[in-house]
Structures are given as C-alpha cells and as structure tokens.
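Content type mmCIF, N, CA and C atoms, from the file my_file27.cif:
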data_model
loop_
_atom_site.group_PDB
_atom_site.id
_atom_site.type_symbol
_atom_site.label_atom_id
_atom_site.label_comp_id
_atom_site.auth_asym_id
_atom_site.auth_seq_id
_atom_site.Cartn_x
_atom_site.Cartn_y
_atom_site.Cartn_z
ATOM 1 N N MET A 147 88.280 2.905 211.772
ATOM 2 C CA MET A 147 88.317 1.831 210.810
ATOM 3 C C MET A 147 86.894 1.393 210.517
ATOM 4 N N LYS A 148 86.674 0.946 209.280
ATOM 5 C CA LYS A 148 85.351 0.491 208.847
ATOM 6 C C LYS A 148 85.445 -0.900 208.224
ATOM 7 N N LEU A 149 84.331 -1.625 208.301
ATOM 8 C CA LEU A 149 84.167 -2.896 207.602
ATOM 9 C C LEU A 149 83.105 -2.674 206.548
ATOM 10 N N ILE A 150 83.458 -2.916 205.296
ATOM 11 C CA ILE A 150 82.514 -2.779 204.191
ATOM 12 C C ILE A 150 82.097 -4.183 203.776
ATOM 13 N N LEU A 151 80.814 -4.484 203.933
ATOM 14 C CA LEU A 151 80.247 -5.752 203.466
ATOM 15 C C LEU A 151 79.538 -5.464 202.155
ATOM 16 N N THR A 152 79.912 -6.177 201.112
ATOM 17 C CA THR A 152 79.362 -5.939 199.783
ATOM 18 C C THR A 152 78.872 -7.249 199.197
ATOM 19 N N VAL A 153 77.600 -7.292 198.816
ATOM 20 C CA VAL A 153 77.018 -8.469 198.173
ATOM 21 C C VAL A 153 76.807 -8.127 196.711
ATOM 22 N N ILE A 154 77.437 -8.926 195.827
ATOM 23 C CA ILE A 154 77.362 -8.661 194.391
ATOM 24 C C ILE A 154 77.045 -9.951 193.647
ATOM 25 N N GLN A 155 76.729 -9.824 192.375
ATOM 26 C CA GLN A 155 76.483 -10.997 191.542
ATOM 27 C C GLN A 155 77.825 -11.656 191.203
ATOM 28 N N ASP A 156 77.810 -12.982 191.121
ATOM 29 C CA ASP A 156 79.042 -13.725 190.833
ATOM 30 C C ASP A 156 79.769 -13.213 189.592
ATOM 31 N N LYS A 157 79.021 -12.795 188.578
ATOM 32 C CA LYS A 157 79.646 -12.344 187.324
ATOM 33 C C LYS A 157 80.573 -11.150 187.517
ATOM 34 N N ASP A 158 80.345 -10.365 188.550
ATOM 35 C CA ASP A 158 81.153 -9.169 188.789
ATOM 36 C C ASP A 158 82.304 -9.401 189.769
ATOM 37 N N SER A 159 82.395 -10.585 190.362
ATOM 38 C CA SER A 159 83.331 -10.781 191.476
ATOM 39 C C SER A 159 84.804 -10.681 191.073
ATOM 40 N N ASN A 160 85.202 -11.293 189.960
ATOM 41 C CA ASN A 160 86.616 -11.241 189.568
ATOM 42 C C ASN A 160 87.031 -9.822 189.187
ATOM 43 N N LYS A 161 86.150 -9.127 188.483
ATOM 44 C CA LYS A 161 86.443 -7.743 188.090
ATOM 45 C C LYS A 161 86.615 -6.860 189.324
ATOM 46 N N LEU A 162 85.714 -7.014 190.298
ATOM 47 C CA LEU A 162 85.819 -6.217 191.521
ATOM 48 C C LEU A 162 87.064 -6.576 192.305
ATOM 49 N N LEU A 163 87.341 -7.849 192.456
ATOM 50 C CA LEU A 163 88.518 -8.271 193.216
ATOM 51 C C LEU A 163 89.796 -7.699 192.606
ATOM 52 N N ASN A 164 89.918 -7.761 191.292
ATOM 53 C CA ASN A 164 91.107 -7.212 190.623
ATOM 54 C C ASN A 164 91.227 -5.709 190.859
ATOM 55 N N ALA A 165 90.111 -4.994 190.793
ATOM 56 C CA ALA A 165 90.145 -3.539 191.018
ATOM 57 C C ALA A 165 90.512 -3.209 192.458
ATOM 58 N N LEU A 166 90.006 -3.975 193.408
ATOM 59 C CA LEU A 166 90.355 -3.742 194.814
ATOM 60 C C LEU A 166 91.849 -3.957 195.046
ATOM 61 N N VAL A 167 92.397 -5.039 194.495
ATOM 62 C CA VAL A 167 93.816 -5.347 194.666
ATOM 63 C C VAL A 167 94.680 -4.261 194.016
ATOM 64 N N GLU A 168 94.290 -3.799 192.821
ATOM 65 C CA GLU A 168 95.042 -2.744 192.135
ATOM 66 C C GLU A 168 95.092 -1.461 192.957
ATOM 67 N N ASN A 169 94.085 -1.233 193.793
ATOM 68 C CA ASN A 169 94.017 -0.027 194.616
ATOM 69 C C ASN A 169 94.415 -0.283 196.072
ATOM 70 N N ASN A 170 95.109 -1.394 196.311
ATOM 71 C CA ASN A 170 95.658 -1.735 197.624
ATOM 72 C C ASN A 170 94.617 -1.921 198.725
ATOM 73 N N PHE A 171 93.456 -2.491 198.358
ATOM 74 C CA PHE A 171 92.472 -2.881 199.355
ATOM 75 C C PHE A 171 92.591 -4.377 199.578
ATOM 76 N N ARG A 172 92.525 -4.777 200.830
ATOM 77 C CA ARG A 172 92.527 -6.194 201.171
ATOM 78 C C ARG A 172 91.083 -6.613 201.393
ATOM 79 N N ALA A 173 90.726 -7.763 200.827
ATOM 80 C CA ALA A 173 89.337 -8.205 200.918
ATOM 81 C C ALA A 173 89.282 -9.712 201.108
ATOM 82 N N THR A 174 88.249 -10.156 201.786
ATOM 83 C CA THR A 174 87.946 -11.578 201.905
ATOM 84 C C THR A 174 86.702 -11.835 201.072
ATOM 85 N N LYS A 175 86.787 -12.838 200.204
ATOM 86 C CA LYS A 175 85.705 -13.156 199.267
ATOM 87 C C LYS A 175 84.994 -14.416 199.755
ATOM 88 N N LEU A 176 83.667 -14.309 199.897
ATOM 89 C CA LEU A 176 82.862 -15.426 200.379
ATOM 90 C C LEU A 176 81.773 -15.777 199.375
ATOM 91 N N ALA A 177 81.508 -17.059 199.184
ATOM 92 C CA ALA A 177 80.383 -17.483 198.348
ATOM 93 C C ALA A 177 79.101 -17.323 199.162
ATOM 94 N N SER A 178 78.052 -16.802 198.534
ATOM 95 C CA SER A 178 76.774 -16.627 199.215
ATOM 96 C C SER A 178 75.645 -16.885 198.222
ATOM 97 N N THR A 179 74.444 -16.994 198.734
ATOM 98 C CA THR A 179 73.284 -17.259 197.890
ATOM 99 C C THR A 179 72.210 -16.232 198.180
ATOM 100 N N GLY A 180 71.637 -15.678 197.115
ATOM 101 C CA GLY A 180 70.578 -14.689 197.270
ATOM 102 C C GLY A 180 69.277 -15.326 197.701
ATOM 103 N N GLY A 181 68.511 -14.613 198.490
ATOM 104 C CA GLY A 181 67.240 -15.132 198.976
ATOM 105 C C GLY A 181 66.115 -14.998 197.980
ATOM 106 N N PHE A 182 66.154 -13.990 197.101
ATOM 107 C CA PHE A 182 65.059 -13.742 196.180
ATOM 108 C C PHE A 182 65.108 -14.673 194.977
ATOM 109 N N LEU A 183 66.247 -14.685 194.268
ATOM 110 C CA LEU A 183 66.369 -15.517 193.062
ATOM 111 C C LEU A 183 67.040 -16.855 193.338
ATOM 112 N N LYS A 184 67.509 -17.059 194.563
ATOM 113 C CA LYS A 184 68.196 -18.292 194.947
ATOM 114 C C LYS A 184 69.405 -18.568 194.051
ATOM 115 N N SER A 185 70.049 -17.498 193.583
ATOM 116 C CA SER A 185 71.202 -17.658 192.704
ATOM 117 C C SER A 185 72.481 -17.279 193.443
ATOM 118 N N GLY A 186 73.603 -17.651 192.851
ATOM 119 C CA GLY A 186 74.892 -17.410 193.474
ATOM 120 C C GLY A 186 75.258 -15.944 193.533
ATOM 121 N N ASN A 187 75.760 -15.550 194.671
ATOM 122 C CA ASN A 187 76.283 -14.212 194.899
ATOM 123 C C ASN A 187 77.688 -14.353 195.444
ATOM 124 N N THR A 188 78.368 -13.241 195.521
ATOM 125 C CA THR A 188 79.658 -13.192 196.195
ATOM 126 C C THR A 188 79.584 -12.063 197.217
ATOM 127 N N THR A 189 80.051 -12.337 198.418
ATOM 128 C CA THR A 189 80.100 -11.327 199.467
ATOM 129 C C THR A 189 81.562 -11.004 199.745
ATOM 130 N N PHE A 190 81.885 -9.715 199.716
ATOM 131 C CA PHE A 190 83.235 -9.266 200.047
ATOM 132 C C PHE A 190 83.208 -8.601 201.411
ATOM 133 N N MET A 191 84.209 -8.900 202.220
ATOM 134 C CA MET A 191 84.450 -8.198 203.478
ATOM 135 C C MET A 191 85.734 -7.396 203.274
ATOM 136 N N ILE A 192 85.608 -6.085 203.371
ATOM 137 C CA ILE A 192 86.737 -5.188 203.117
ATOM 138 C C ILE A 192 86.957 -4.338 204.360
ATOM 139 N N GLY A 193 88.109 -4.470 204.964
ATOM 140 C CA GLY A 193 88.465 -3.630 206.101
ATOM 141 C C GLY A 193 89.336 -2.487 205.621
ATOM 142 N N THR A 194 89.008 -1.268 206.031
ATOM 143 C CA THR A 194 89.791 -0.120 205.576
ATOM 144 C C THR A 194 89.697 1.035 206.570
ATOM 145 N N GLU A 195 90.623 1.965 206.433
ATOM 146 C CA GLU A 195 90.610 3.169 207.253
ATOM 147 C C GLU A 195 89.439 4.050 206.825
ATOM 148 N N ASP A 196 88.954 4.859 207.744
ATOM 149 C CA ASP A 196 87.805 5.732 207.467
ATOM 150 C C ASP A 196 88.022 6.612 206.230
ATOM 151 N N ILE A 197 89.229 7.121 206.059
ATOM 152 C CA ILE A 197 89.487 8.050 204.954
ATOM 153 C C ILE A 197 89.483 7.367 203.584
ATOM 154 N N ARG A 198 89.536 6.026 203.541
ATOM 155 C CA ARG A 198 89.546 5.315 202.257
ATOM 156 C C ARG A 198 88.194 4.700 201.904
ATOM 157 N N VAL A 199 87.184 4.910 202.743
ATOM 158 C CA VAL A 199 85.863 4.313 202.495
ATOM 159 C C VAL A 199 85.274 4.797 201.174
ATOM 160 N N GLU A 200 85.306 6.091 200.917
ATOM 161 C CA GLU A 200 84.717 6.629 199.681
ATOM 162 C C GLU A 200 85.399 6.060 198.444
ATOM 163 N N LYS A 201 86.713 5.876 198.493
ATOM 164 C CA LYS A 201 87.443 5.281 197.362
ATOM 165 C C LYS A 201 86.969 3.849 197.138
ATOM 166 N N ALA A 202 86.815 3.080 198.205
ATOM 167 C CA ALA A 202 86.337 1.699 198.078
ATOM 168 C C ALA A 202 84.928 1.662 197.499
ATOM 169 N N LEU A 203 84.065 2.557 197.962
ATOM 170 C CA LEU A 203 82.699 2.600 197.448
ATOM 171 C C LEU A 203 82.675 2.949 195.962
ATOM 172 N N GLN A 204 83.545 3.841 195.535
ATOM 173 C CA GLN A 204 83.600 4.195 194.112
ATOM 174 C C GLN A 204 84.068 3.007 193.269
ATOM 175 N N ILE A 205 85.034 2.251 193.774
ATOM 176 C CA ILE A 205 85.513 1.054 193.059
ATOM 177 C C ILE A 205 84.387 0.044 192.928
ATOM 178 N N ILE A 206 83.631 -0.155 193.997
ATOM 179 C CA ILE A 206 82.502 -1.093 193.957
ATOM 180 C C ILE A 206 81.481 -0.613 192.930
ATOM 181 N N LYS A 207 81.141 0.657 192.975
ATOM 182 C CA LYS A 207 80.153 1.219 192.044
ATOM 183 C C LYS A 207 80.608 1.071 190.594
ATOM 184 N N ASP A 208 81.881 1.305 190.331
ATOM 185 C CA ASP A 208 82.407 1.243 188.965
ATOM 186 C C ASP A 208 82.480 -0.177 188.407
ATOM 187 N N ASN A 209 82.526 -1.180 189.266
ATOM 188 C CA ASN A 209 82.777 -2.550 188.808
ATOM 189 C C ASN A 209 81.609 -3.510 188.985
ATOM 190 N N CYS A 210 80.506 -3.056 189.514
ATOM 191 C CA CYS A 210 79.359 -3.936 189.746
ATOM 192 C C CYS A 210 78.136 -3.340 189.064
ATOM 193 N N GLN A 211 77.811 -3.870 187.910
ATOM 194 C CA GLN A 211 76.746 -3.315 187.091
ATOM 195 C C GLN A 211 75.449 -4.103 187.246
ATOM 196 N N SER A 212 74.337 -3.394 187.256
ATOM 197 C CA SER A 212 73.054 -4.095 187.224
ATOM 198 C C SER A 212 72.702 -4.377 185.767
ATOM 199 N N ARG A 213 71.952 -5.442 185.545
ATOM 200 C CA ARG A 213 71.573 -5.860 184.192
ATOM 201 C C ARG A 213 70.241 -6.576 184.250
ATOM 202 N N ASP A 214 69.551 -6.625 183.134
ATOM 203 C CA ASP A 214 68.299 -7.372 183.051
ATOM 204 C C ASP A 214 68.605 -8.806 182.644
ATOM 205 N N GLN A 215 67.873 -9.743 183.237
ATOM 206 C CA GLN A 215 68.112 -11.163 182.963
ATOM 207 C C GLN A 215 66.781 -11.903 183.007
ATOM 208 N N LEU A 216 66.623 -12.861 182.099
ATOM 209 C CA LEU A 216 65.443 -13.715 182.136
ATOM 210 C C LEU A 216 65.656 -14.803 183.172
ATOM 211 N N VAL A 217 64.682 -14.970 184.048
ATOM 212 C CA VAL A 217 64.795 -15.941 185.132
ATOM 213 C C VAL A 217 63.585 -16.845 185.080
ATOM 214 N N ALA A 218 63.846 -18.153 185.102
ATOM 215 C CA ALA A 218 62.754 -19.126 185.160
ATOM 216 C C ALA A 218 62.335 -19.269 186.616
ATOM 217 N N PRO A 219 61.093 -18.977 186.936
ATOM 218 C CA PRO A 219 60.654 -19.067 188.336
ATOM 219 C C PRO A 219 60.642 -20.508 188.816
ATOM 220 N N VAL A 220 60.886 -20.687 190.101
ATOM 221 C CA VAL A 220 60.860 -22.003 190.721
ATOM 222 C C VAL A 220 59.399 -22.379 190.946
ATOM 223 N N SER A 221 59.039 -23.618 190.581
ATOM 224 C CA SER A 221 57.641 -24.036 190.746
ATOM 225 C C SER A 221 57.313 -24.179 192.224
ATOM 226 N N PRO A 222 56.079 -23.880 192.586
ATOM 227 C CA PRO A 222 55.696 -23.967 193.996
ATOM 228 C C PRO A 222 55.550 -25.423 194.428
ATOM 229 N N MET A 223 56.348 -25.829 195.362
ATOM 230 C CA MET A 223 56.270 -27.193 195.904
ATOM 231 C C MET A 223 55.376 -27.160 197.136
ATOM 232 N N GLY A 224 54.132 -27.539 196.953
ATOM 233 C CA GLY A 224 53.212 -27.537 198.077
ATOM 234 C C GLY A 224 52.684 -26.163 198.416
ATOM 235 N N GLY A 225 53.099 -25.154 197.630
ATOM 236 C CA GLY A 225 52.640 -23.796 197.894
ATOM 237 C C GLY A 225 51.394 -23.478 197.101
ATOM 238 N N ASN A 226 51.035 -22.243 197.075
ATOM 239 C CA ASN A 226 49.852 -21.784 196.369
ATOM 240 C C ASN A 226 50.177 -21.664 194.887
ATOM 241 N N ALA A 227 49.575 -22.489 194.051
ATOM 242 C CA ALA A 227 49.840 -22.486 192.617
ATOM 243 C C ALA A 227 49.125 -21.341 191.908
ATOM 244 N N ASP A 228 48.236 -20.630 192.579
ATOM 245 C CA ASP A 228 47.500 -19.532 191.956
ATOM 246 C C ASP A 228 48.422 -18.396 191.526
ATOM 247 N N SER A 229 49.483 -18.161 192.284
ATOM 248 C CA SER A 229 50.382 -17.056 191.971
ATOM 249 C C SER A 229 51.599 -17.503 191.169
ATOM 250 N N TYR A 230 51.676 -18.767 190.771
ATOM 251 C CA TYR A 230 52.822 -19.287 190.039
ATOM 252 C C TYR A 230 52.779 -18.835 188.589
ATOM 253 N N VAL A 231 53.895 -18.302 188.096
ATOM 254 C CA VAL A 231 54.018 -17.874 186.703
ATOM 255 C C VAL A 231 54.907 -18.895 185.992
ATOM 256 N N PRO A 232 54.372 -19.694 185.038
ATOM 257 C CA PRO A 232 55.130 -20.802 184.449
ATOM 258 C C PRO A 232 56.111 -20.413 183.349
ATOM 259 N N TYR A 233 56.334 -19.135 183.085
ATOM 260 C CA TYR A 233 57.230 -18.719 182.021
ATOM 261 C C TYR A 233 58.306 -17.789 182.581
ATOM 262 N N PRO A 234 59.438 -17.675 181.879
ATOM 263 C CA PRO A 234 60.521 -16.815 182.370
ATOM 264 C C PRO A 234 60.074 -15.361 182.516
ATOM 265 N N VAL A 235 60.643 -14.706 183.505
ATOM 266 C CA VAL A 235 60.330 -13.319 183.808
ATOM 267 C C VAL A 235 61.633 -12.522 183.759
ATOM 268 N N GLU A 236 61.581 -11.309 183.183
ATOM 269 C CA GLU A 236 62.777 -10.470 183.143
ATOM 270 C C GLU A 236 62.871 -9.667 184.436
ATOM 271 N N VAL A 237 64.015 -9.785 185.106
ATOM 272 C CA VAL A 237 64.240 -9.066 186.353
ATOM 273 C C VAL A 237 65.591 -8.360 186.288
ATOM 274 N N GLU A 238 65.755 -7.335 187.106
ATOM 275 C CA GLU A 238 67.037 -6.640 187.200
ATOM 276 C C GLU A 238 67.899 -7.362 188.224
ATOM 277 N N VAL A 239 69.107 -7.751 187.824
ATOM 278 C CA VAL A 239 70.040 -8.429 188.725
ATOM 279 C C VAL A 239 71.355 -7.661 188.725
ATOM 280 N N GLY A 240 72.193 -7.999 189.645
ATOM 281 C CA GLY A 240 73.508 -7.384 189.696
ATOM 282 C C GLY A 240 73.532 -6.142 190.558
ATOM 283 N N GLY A 241 74.502 -5.298 190.276
ATOM 284 C CA GLY A 241 74.702 -4.147 191.133
ATOM 285 C C GLY A 241 75.381 -4.591 192.416
ATOM 286 N N ALA A 242 75.223 -3.804 193.452
ATOM 287 C CA ALA A 242 75.856 -4.135 194.722
ATOM 288 C C ALA A 242 74.974 -3.669 195.871
ATOM 289 N N THR A 243 74.929 -4.481 196.907
ATOM 290 C CA THR A 243 74.319 -4.091 198.169
ATOM 291 C C THR A 243 75.464 -3.926 199.140
ATOM 292 N N VAL A 244 75.598 -2.735 199.717
ATOM 293 C CA VAL A 244 76.780 -2.404 200.508
ATOM 294 C C VAL A 244 76.380 -1.935 201.903
ATOM 295 N N PHE A 245 77.079 -2.472 202.905
ATOM 296 C CA PHE A 245 76.925 -2.056 204.294
ATOM 297 C C PHE A 245 78.280 -1.547 204.774
ATOM 298 N N VAL A 246 78.313 -0.382 205.387
ATOM 299 C CA VAL A 246 79.547 0.156 205.959
ATOM 300 C C VAL A 246 79.343 0.188 207.474
ATOM 301 N N LEU A 247 80.175 -0.582 208.175
ATOM 302 C CA LEU A 247 80.026 -0.757 209.612
ATOM 303 C C LEU A 247 81.263 -0.264 210.362
ATOM 304 N N PRO A 248 81.070 0.335 211.531
ATOM 305 C CA PRO A 248 82.232 0.733 212.330
ATOM 306 C C PRO A 248 82.912 -0.502 212.920
ATOM 307 N N VAL A 249 84.229 -0.435 213.043
ATOM 308 C CA VAL A 249 85.004 -1.529 213.622
ATOM 309 C C VAL A 249 85.602 -1.035 214.940
ATOM 310 N N GLU A 250 85.251 -1.715 216.011
ATOM 311 C CA GLU A 250 85.760 -1.313 217.307
ATOM 312 C C GLU A 250 87.214 -1.745 217.498
ATOM 313 N N GLN A 251 87.529 -2.962 217.062
ATOM 314 C CA GLN A 251 88.903 -3.460 217.152
ATOM 315 C C GLN A 251 89.219 -4.266 215.910
ATOM 316 N N PHE A 252 90.499 -4.240 215.535
ATOM 317 C CA PHE A 252 90.986 -5.069 214.428
ATOM 318 C C PHE A 252 92.293 -5.701 214.891
ATOM 319 N N LYS A 253 92.367 -7.025 214.791
ATOM 320 C CA LYS A 253 93.580 -7.745 215.198
ATOM 321 C C LYS A 253 93.904 -8.801 214.162
ATOM 322 N N GLN A 254 95.180 -9.037 213.962
ATOM 323 C CA GLN A 254 95.653 -10.126 213.113
ATOM 324 C C GLN A 254 96.588 -10.984 213.939
ATOM 325 N N PHE A 255 96.386 -12.283 213.879
ATOM 326 C CA PHE A 255 97.251 -13.202 214.623
ATOM 327 C C PHE A 255 97.948 -14.150 213.685
#
Target format structure tokens, applied to this file:
Amino acid sequence: MKLILTVIQDKDSNKLLNALVENNFRATKLASTGGFLKSGNTTFMIGTEDIRVEKALQIIKDNCQSRDQLVAPVSPMGGNADSYVPYPVEVEVGGATVFVLPVEQFKQF
C-alpha cells in the first residue's frame, strides 16, 4: 500500500477531487499554504494499493495544470529593501508536487 501526498493550487482542487472520486480513489483534502508565494494550496492524502499508484499519478497529472500568473511581491518588513521589486512579477504556478510513500500499516476505526 502507498500514501500519495499531492500539493496543488486551489484552482485545481475541485477538478482533481471529482476525477479521483470518478475513478474510485478515496482522498482526504487539506487546506495548506505555499511557502514561496504564501498563497493557498490544497494537499490531498490518497491511500491506494501499489498496483493503482500509476493510475492515481496519471489522474493528478491530467487535472493539475501549471500556468503563468502575475504576482505582487510582498514588501520587505524590516528586511533588505535592496532586493525588493515593487511591481508585479510573472511566475509559473500550479501543477502538482507529489510524494509517494510506503505505508507499513493501514487501519480504520
């Protein structure tokens, strides 16, 4: 058995959740915050049998798209203002960060 931890952008969460349910995957959806852009993310915990991992990964890949977005940088509070850029910057956001971990035991009570 494996645990798939997937961090995605909030915009993709409903689409991914619907696709997982349609393919009989059970998932727990958690709100999370990214460290780089300090924006909202969604983290999914998906438990599945080893033979279904590739199917789950394909569903994640098909439903979580990266995109370019203009982001207003946070002003430095007490930090070094020399590196502060006062105008929006285009960055790539979205996609998915995925970890596949072995599960030693799984229990439901």
Using the chain letters and numbering of this document, enumerate as an MDAnalysis selection string the residues selected by the PyMOL selection byres ((chain A and resi 187-201) around 8). chainID A and resid 147:159 171:180 184:186 202:207
Can you list every residue in region 159-210 of chain A that DSSP puts in alpha helix (DSSP H), as a VMD selection string? chain A and resid 159 to 168 199 to 209
Just how far from atom N of Asn170 (chain A) is atom C of Cys210 (chain A), in Å to one decimal?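 One can read the atom C of Cys210 (chain A) to atom N of Asn170 (chain A) distance as 18.6 Å.
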